[in-house]
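Asker: Below is a structure I'd like to ask you about.
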Amino acid sequence: MKKLLLFSFCFLVLWQARAGFLVPPVTASPGDTILIKIPVVQSERPMAVGLSIGTQGAGLEGQIPLMRQWQFRLGATVLPFSVSKDYYAFPSRATVVDMDANFAKAHFFVDWEPFAEKGTFLEKFAVSGGLAYFLTAKTKARVRLRDPYYYGDIEFSPEDAGELLVKSDWKGFAPYAGIGLNRLRLRGAMSLDLGLGAFYMPSPSVSITGTKMLEENAQNEAQLKKNLDDHFRLMPALQFSLNYNLRKNEK
Amino acid sequence: MKNRFFVWGMTCLLGLSMLSCDKVKEDLDILIKADDLIRYSVMVQVNEATGEIPEDLSISVVGEDADYVYDIAGNKELAISGGLITLGVHPKHEPVEGDPVRFSVKISGPDYVSMIVPVRIDKNQFSQIKELKIVNASTPPPTVAVAKEEAALASDGTPAEPITVSSPTNAVTNEVTSVTVPASTQFLNAAGTPVVGSSVSMSVVNYNTKSSETATLFPGGKLNATNVKGPENKNISAFFMPAGFASINFDVNGTAIKKFSQPINVAIEIDPQYKLLASNTTIKEGDKIAIWSYSEDTGDWQYEKEGTVSTANGKLLVPFTTDHLTVYSIAEYVETTDCTSPTAVFSASWLKQDTQPMTLEIWNEDLSKKLSSETIVVSDGLEVVLNDLPAFAVRYKVLSQGAEIASGSIADPCSGGQVNIILPAPAVPLVGITLSLTVKCPDKGTVIPPDFYLYYKNAGAPDTEYKLLGIVKQGKLSTTLLEVGKRYDFKAIYGDRKKFIGNHLIDKTDMSTTVGVNDNLGSVVPDQNRAILIEECSKL
């Protein structure tokens, strides 16, 4: 995955070089040394720091413009949350679920703004790629029966039946791709970035442990892992960043 | 794709929230481990005294812990099928040290002599087998003589002249029980209300106490009893040594007669070879012996009075009068109120991991009377509490497939302690066969089936030949009773369901089978089995 990311980055740089830079015609003979200069046009945009909030949680982000159409973004977010649900139905019985989740990541994104010089709203448009490292990406769900269980005529309360502890962890590197709108000016040195994309998460680890009458549910681990692998590797992300521009020379 | 992103983004909260995403639970279901919810069970196996399998029996449970007794599938409504039912104790009312679970099983049926059998389950006594014999009044064994007569009554519902009914004799049973109702006696129901009819149906069942079946046919299915109202109304436990007993039942217009307006005469002829406990001498005319009555409603014995042995027609009998009807016994007793049961420890290293049902018989010291018999699924190191022993020295015998393999004596069965029973290895080493049952539930995968009792017989043998193979625990049963290369019929009982596997070849020592909608569903009624499997799986 890292190789793929590196390759994509080089490809974008070369494409940029081919499309945007003037290469003078060269007449040369065999044996001459040809030096091709690729002029790097420094971006006039300022560096910026800001606060971000989104589906990945809240965090900090710094922007470092690199070239005219390129910028790096470095940042980190954290997202602790808890969710309770009184009715979560499985085929043969309903459950009550209390879930705690904790996500924390550091990310490095590269934004390419293909219309940076158009002078229209389109110049805000950016295509983003990058990599995040999820220091933690855990969910821990406590699952109990919602209704009593009946063995024949014998009633067992949900407490009698026990509890399931379902844990999953996506910790690791996750590449990112997305689009966004950068530098939507607010007031003074303040601007807003908007990004929408998705992370490709690592294959999660899964564990299911049950107590009392639910102890045999460990055999559901493989199926749960398959479901998470099949449907929960691609993690959508929507992020808003409120930035403070460090130099006020932006157009 | 955009739509997919949108849906996920908005509804799945990063796509990680398992709470709202149905994709997470695709092909998942919550599994309930129900195989050991009922840990304490009693398998009740009822055969007719002649060995036939009884049909149309009804079963109910009464007594102090009856509310906590279910069938092994957790059903409160009990149904006995083919003479078999496994009862279980509610998991929240299991026996604890010093507080066993107690209840009584009432079994009745058309033409059967009703029986009520007390059951006691001690802590750690997870399974036990009650083998009961019920008398079919139409086809009694020779050791049981049944008289059934009907007598006309006067218009006031009383006999115009004395009515006498006597049990018959046969080649095996020479003793007779006679009942005489004086003229003008009113028949009363249990509440004491006169029942008036044009005729009275009378049944007198006399039991031969010389028979080796005496213990199993004795009311309660055993000679020891608790909750006995002894002499002077003292509440005791007692071990009875009956010299004779009889069950007497009258009914008028279908109403059971329990009482009479005046005493009636009963005479129970007794075993002339009976030896008195105190003197070990044969009973004779003039000896005193107690008369006991047994409540078929509560299963409790009560001391009635002291009887005197007399002679008539060259036979010994104990005559007495009574104003109520029930089971009467002429019996000596030893008090067992303060007895501590010994524990039998079976050593049979040759069984390895296998089990084998064996019969443990208890006899009196001179081996003239069998006092009890029970089936025990023996494993090496098994410990069994020997309840219901008398307060005098006894001998024990262990039988494997009908042959005695061990015996010994217990000098004081009332003082607890340990009885080490060493079972010698058979001359020909036995091959252990492991039967393994895996159940695959639709959408739930592999589950462990609840424990059940498995019976077997040689393929094609009559149904009366079914014998207990053992208890299938956690889907497994290891036994030495089967032989590789032979075919057997198997019968499994779970709740009110009976399943048969016919003509099954044991072709290797590790026999495993998987039951599932896409696996083996049997060859007899696969569609029915599929429906049962799906229904039972839905409970897990």
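Simple scheme: letters A, B, ... for chains in structure tokens order, numbers from 1 for residues in each chain, numbers from 1 for ligands in the order shown.
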What are the residues of chain A lining chain B at 8 Å or less? Count only C-alpha atoms, and put the answer as a PyMOL selection string.

Answerer: chain A and resi 55-56+83-85+88+90-93+97+99+150-154+161+212-217+220+223-224+227-228+231-232+234-238

Asker: Taking 5 positions as the minimum chain separation for residues in the same chain, which residues sit within 6 Å of Leu74 of chain A when counting only C-alpha atoms? Answer as a short mmCIF file (atom, residue, chain, number, x, y, z; two decimals) with C-alpha atoms, in the first residue's frame.

Answerer:
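File written: selection.cif
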data_model
loop_
_atom_site.label_atom_id
_atom_site.label_comp_id
_atom_site.auth_asym_id
_atom_site.auth_seq_id
_atom_site.Cartn_x
_atom_site.Cartn_y
_atom_site.Cartn_z
CA GLU A 61 -4.06 20.43 11.22
CA GLY A 62 -1.25 22.35 9.60
CA HIS A 107 -2.37 11.89 8.96
CA PHE A 108 -0.32 13.22 6.10
#

Asker: Please report, as JSON, numbers by chain, each residue of segment 154-323 of chain B to which DSSP assigns strand (DSSP E or B) when run on this structure's backbone.

Answerer: {"B": [163, 164, 165, 166, 177, 178, 179, 180, 181, 187, 188, 194, 199, 200, 201, 202, 203, 204, 205, 206, 207, 224, 225, 226, 227, 228, 229, 235, 236, 237, 238, 239, 240, 241, 242, 243, 244, 245, 246, 247, 248, 249, 250, 251, 252, 255, 256, 257, 259, 260, 261, 262, 263, 264, 265, 266, 267, 268, 269, 275, 282, 288, 289, 290, 291, 292, 293, 294, 301, 302, 303, 304, 305, 306, 307, 308, 310, 311, 312, 315, 316, 317, 318, 319, 320, 321, 322, 323]}

Asker: In segment 173-306 of chain B, what's alpha helix (DSSP H) per DSSP? Answer as a ChimeraX atom specification?

Answerer: /B:214-217

Asker: Produce a file of the selected residues containing C-alpha atoms, as a PDB file, in the first residue's frame.

Answerer:
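Resulting contents of selection-v3.pdb:
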ATOM      1  CA  THR B 214     -40.964 -56.878  45.631  1.00  0.00           C
ATOM      2  CA  ALA B 215     -38.787 -53.818  46.064  1.00  0.00           C
ATOM      3  CA  THR B 216     -39.692 -52.318  42.692  1.00  0.00           C
ATOM      4  CA  LEU B 217     -43.401 -53.109  43.032  1.00  0.00           C
TER       5      LEU B 217
END

Asker: Tell me which protein, DNA and RNA residues are within 6 Å of Leu360 of chain B, counting only C-alpha atoms, leaving out same-chain ones fewer than 4 positions away, and put them as a PyMOL selection string.

Answerer: chain B and resi 373-374+397-398

Asker: Extract, using only C-alpha atoms, all DNA, RNA and protein residues at most 12 Å from Cys339 of chain B, discarding same-chain residues fewer than 4 positions from it, and format them as a list in words.

Answerer: Asn224, Thr226, Ile236, Ser237, Ala238, Phe239, Val334, Glu335, Leu386, Asn387, Asp388, Leu389, Pro390, Ala391, Phe392, Asp412, Pro413, Cys414, Ser415, Gly416 and Gly417 of chain B

Asker: What's around Asn243 of chain A at 8 Å? Count only C-alpha atoms, leave out sequence neighbours fewer than 6 positions away in its own chain, and write the answer as a PyMOL selection string.

Answerer: chain A and resi 48-51+189-193

Asker: Generate the output file for the selected residues, N, CA and C atoms, as a PDB file, in the first residue's frame.

Answerer:
ATOM      1  N   ALA A  48      -0.673  27.559   7.005  1.00  0.00           N
ATOM      2  CA  ALA A  48      -1.831  27.785   7.862  1.00  0.00           C
ATOM      3  C   ALA A  48      -1.904  26.708   8.927  1.00  0.00           C
ATOM      4  N   VAL A  49      -2.463  27.071  10.041  1.00  0.00           N
ATOM      5  CA  VAL A  49      -2.755  26.078  11.089  1.00  0.00           C
ATOM      6  C   VAL A  49      -4.223  26.218  11.459  1.00  0.00           C
ATOM      7  N   GLY A  50      -4.808  25.096  11.884  1.00  0.00           N
ATOM      8  CA  GLY A  50      -6.222  25.213  12.187  1.00  0.00           C
ATOM      9  C   GLY A  50      -6.754  24.056  13.012  1.00  0.00           C
ATOM     10  N   LEU A  51      -7.989  24.195  13.315  1.00  0.00           N
ATOM     11  CA  LEU A  51      -8.717  23.161  14.041  1.00  0.00           C
ATOM     12  C   LEU A  51      -9.592  22.416  13.044  1.00  0.00           C
ATOM     13  N   ALA A 189      -7.652  36.540   8.412  1.00  0.00           N
ATOM     14  CA  ALA A 189      -6.738  35.436   8.118  1.00  0.00           C
ATOM     15  C   ALA A 189      -7.406  34.079   8.274  1.00  0.00           C
ATOM     16  N   MET A 190      -8.667  34.081   8.521  1.00  0.00           N
ATOM     17  CA  MET A 190      -9.372  32.829   8.755  1.00  0.00           C
ATOM     18  C   MET A 190      -9.945  32.293   7.445  1.00  0.00           C
ATOM     19  N   SER A 191      -9.803  30.965   7.261  1.00  0.00           N
ATOM     20  CA  SER A 191     -10.421  30.327   6.098  1.00  0.00           C
ATOM     21  C   SER A 191     -10.928  28.945   6.508  1.00  0.00           C
ATOM     22  N   LEU A 192     -11.728  28.401   5.633  1.00  0.00           N
ATOM     23  CA  LEU A 192     -12.354  27.098   5.923  1.00  0.00           C
ATOM     24  C   LEU A 192     -12.016  26.123   4.805  1.00  0.00           C
ATOM     25  N   ASP A 193     -11.603  24.920   5.195  1.00  0.00           N
ATOM     26  CA  ASP A 193     -11.400  23.840   4.227  1.00  0.00           C
ATOM     27  C   ASP A 193     -12.479  22.793   4.452  1.00  0.00           C
TER      28      ASP A 193
END

Asker: Identify, on the basis of only C-alpha atoms, every residue whose closest approach to Arg144 of chain A does not exceed 10 Å; exclude the query and any residue fewer than 6 positions from it along the same chain; express the result as a list in words.

Answerer: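 Once the nearby chain positions are removed, what remains is Asp86, Tyr88, Ala94, Thr95, Val96, Val97, Asp98, Pro158, Glu159, Ala161, Gly162, Glu163, Leu164, Leu165, Gly210 and Leu214 of chain A; Ile30 of chain B.
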
Asker: For the selection just defined, write its residues with N, CA and C atoms to a file, as a tab-separated table (two decimals), in the first residue's frame.

Answerer:
chain	number	residue	atom	x	y	z
A	86	ASP	N	-31.22	0.27	22.30
A	86	ASP	CA	-32.06	-0.64	23.06
A	86	ASP	C	-32.64	-1.76	22.22
A	88	TYR	N	-31.51	-4.03	18.90
A	88	TYR	CA	-30.67	-4.38	17.78
A	88	TYR	C	-30.96	-5.84	17.48
A	94	ALA	N	-33.64	-10.26	19.88
A	94	ALA	CA	-33.28	-8.84	19.93
A	94	ALA	C	-32.29	-8.60	21.06
A	95	THR	N	-31.45	-7.63	20.87
A	95	THR	CA	-30.42	-7.36	21.88
A	95	THR	C	-30.39	-5.87	22.24
A	96	VAL	N	-29.71	-5.62	23.32
A	96	VAL	CA	-29.41	-4.24	23.72
A	96	VAL	C	-27.89	-4.09	23.63
A	97	VAL	N	-27.46	-3.02	22.98
A	97	VAL	CA	-26.03	-2.87	22.74
A	97	VAL	C	-25.54	-1.54	23.32
A	98	ASP	N	-24.47	-1.60	24.06
A	98	ASP	CA	-23.78	-0.39	24.52
A	98	ASP	C	-22.38	-0.44	23.94
A	158	PRO	N	-32.52	-11.54	30.95
A	158	PRO	CA	-31.31	-11.17	30.20
A	158	PRO	C	-30.06	-11.23	31.08
A	159	GLU	N	-30.19	-10.92	32.36
A	159	GLU	CA	-29.03	-11.01	33.26
A	159	GLU	C	-28.60	-12.47	33.43
A	161	ALA	N	-28.88	-14.71	31.24
A	161	ALA	CA	-28.30	-15.18	29.97
A	161	ALA	C	-26.86	-14.75	29.80
A	162	GLY	N	-26.46	-13.68	30.47
A	162	GLY	CA	-25.07	-13.25	30.38
A	162	GLY	C	-24.88	-12.12	29.39
A	163	GLU	N	-23.66	-11.95	28.96
A	163	GLU	CA	-23.30	-10.77	28.18
A	163	GLU	C	-22.22	-11.13	27.17
A	164	LEU	N	-22.28	-10.44	26.07
A	164	LEU	CA	-21.24	-10.61	25.05
A	164	LEU	C	-20.36	-9.36	25.04
A	165	LEU	N	-19.07	-9.57	24.93
A	165	LEU	CA	-18.17	-8.44	24.75
A	165	LEU	C	-17.55	-8.59	23.36
A	210	GLY	N	-18.11	-14.33	25.52
A	210	GLY	CA	-19.45	-14.34	26.12
A	210	GLY	C	-19.41	-14.94	27.50
A	214	LEU	N	-24.16	-17.20	26.86
A	214	LEU	CA	-23.73	-16.63	25.58
A	214	LEU	C	-22.28	-17.00	25.25
B	30	ILE	N	-27.32	-14.57	17.51
B	30	ILE	CA	-26.91	-14.77	18.90
B	30	ILE	C	-27.18	-16.23	19.28

Asker: From the list A:Tyr133, A:Leu145, A:Ala177, A:Gln219, which residue is nearest Ala89 of chain A when using only C-alpha atoms?

Answerer: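 Nearest to Ala89 of chain A: A:Leu145.
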
Asker: Separation of atom CA of Ala411 of chain B and atom CA of Pro342 of chain B, in Å?

Answerer: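 The value is 10.9 Å.
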
Asker: When you draw a straight line from atom CA of Arg233 of chain A to atom CA of Phe134 of chain A, how long is it in Å?

Answerer: 13.1 Å
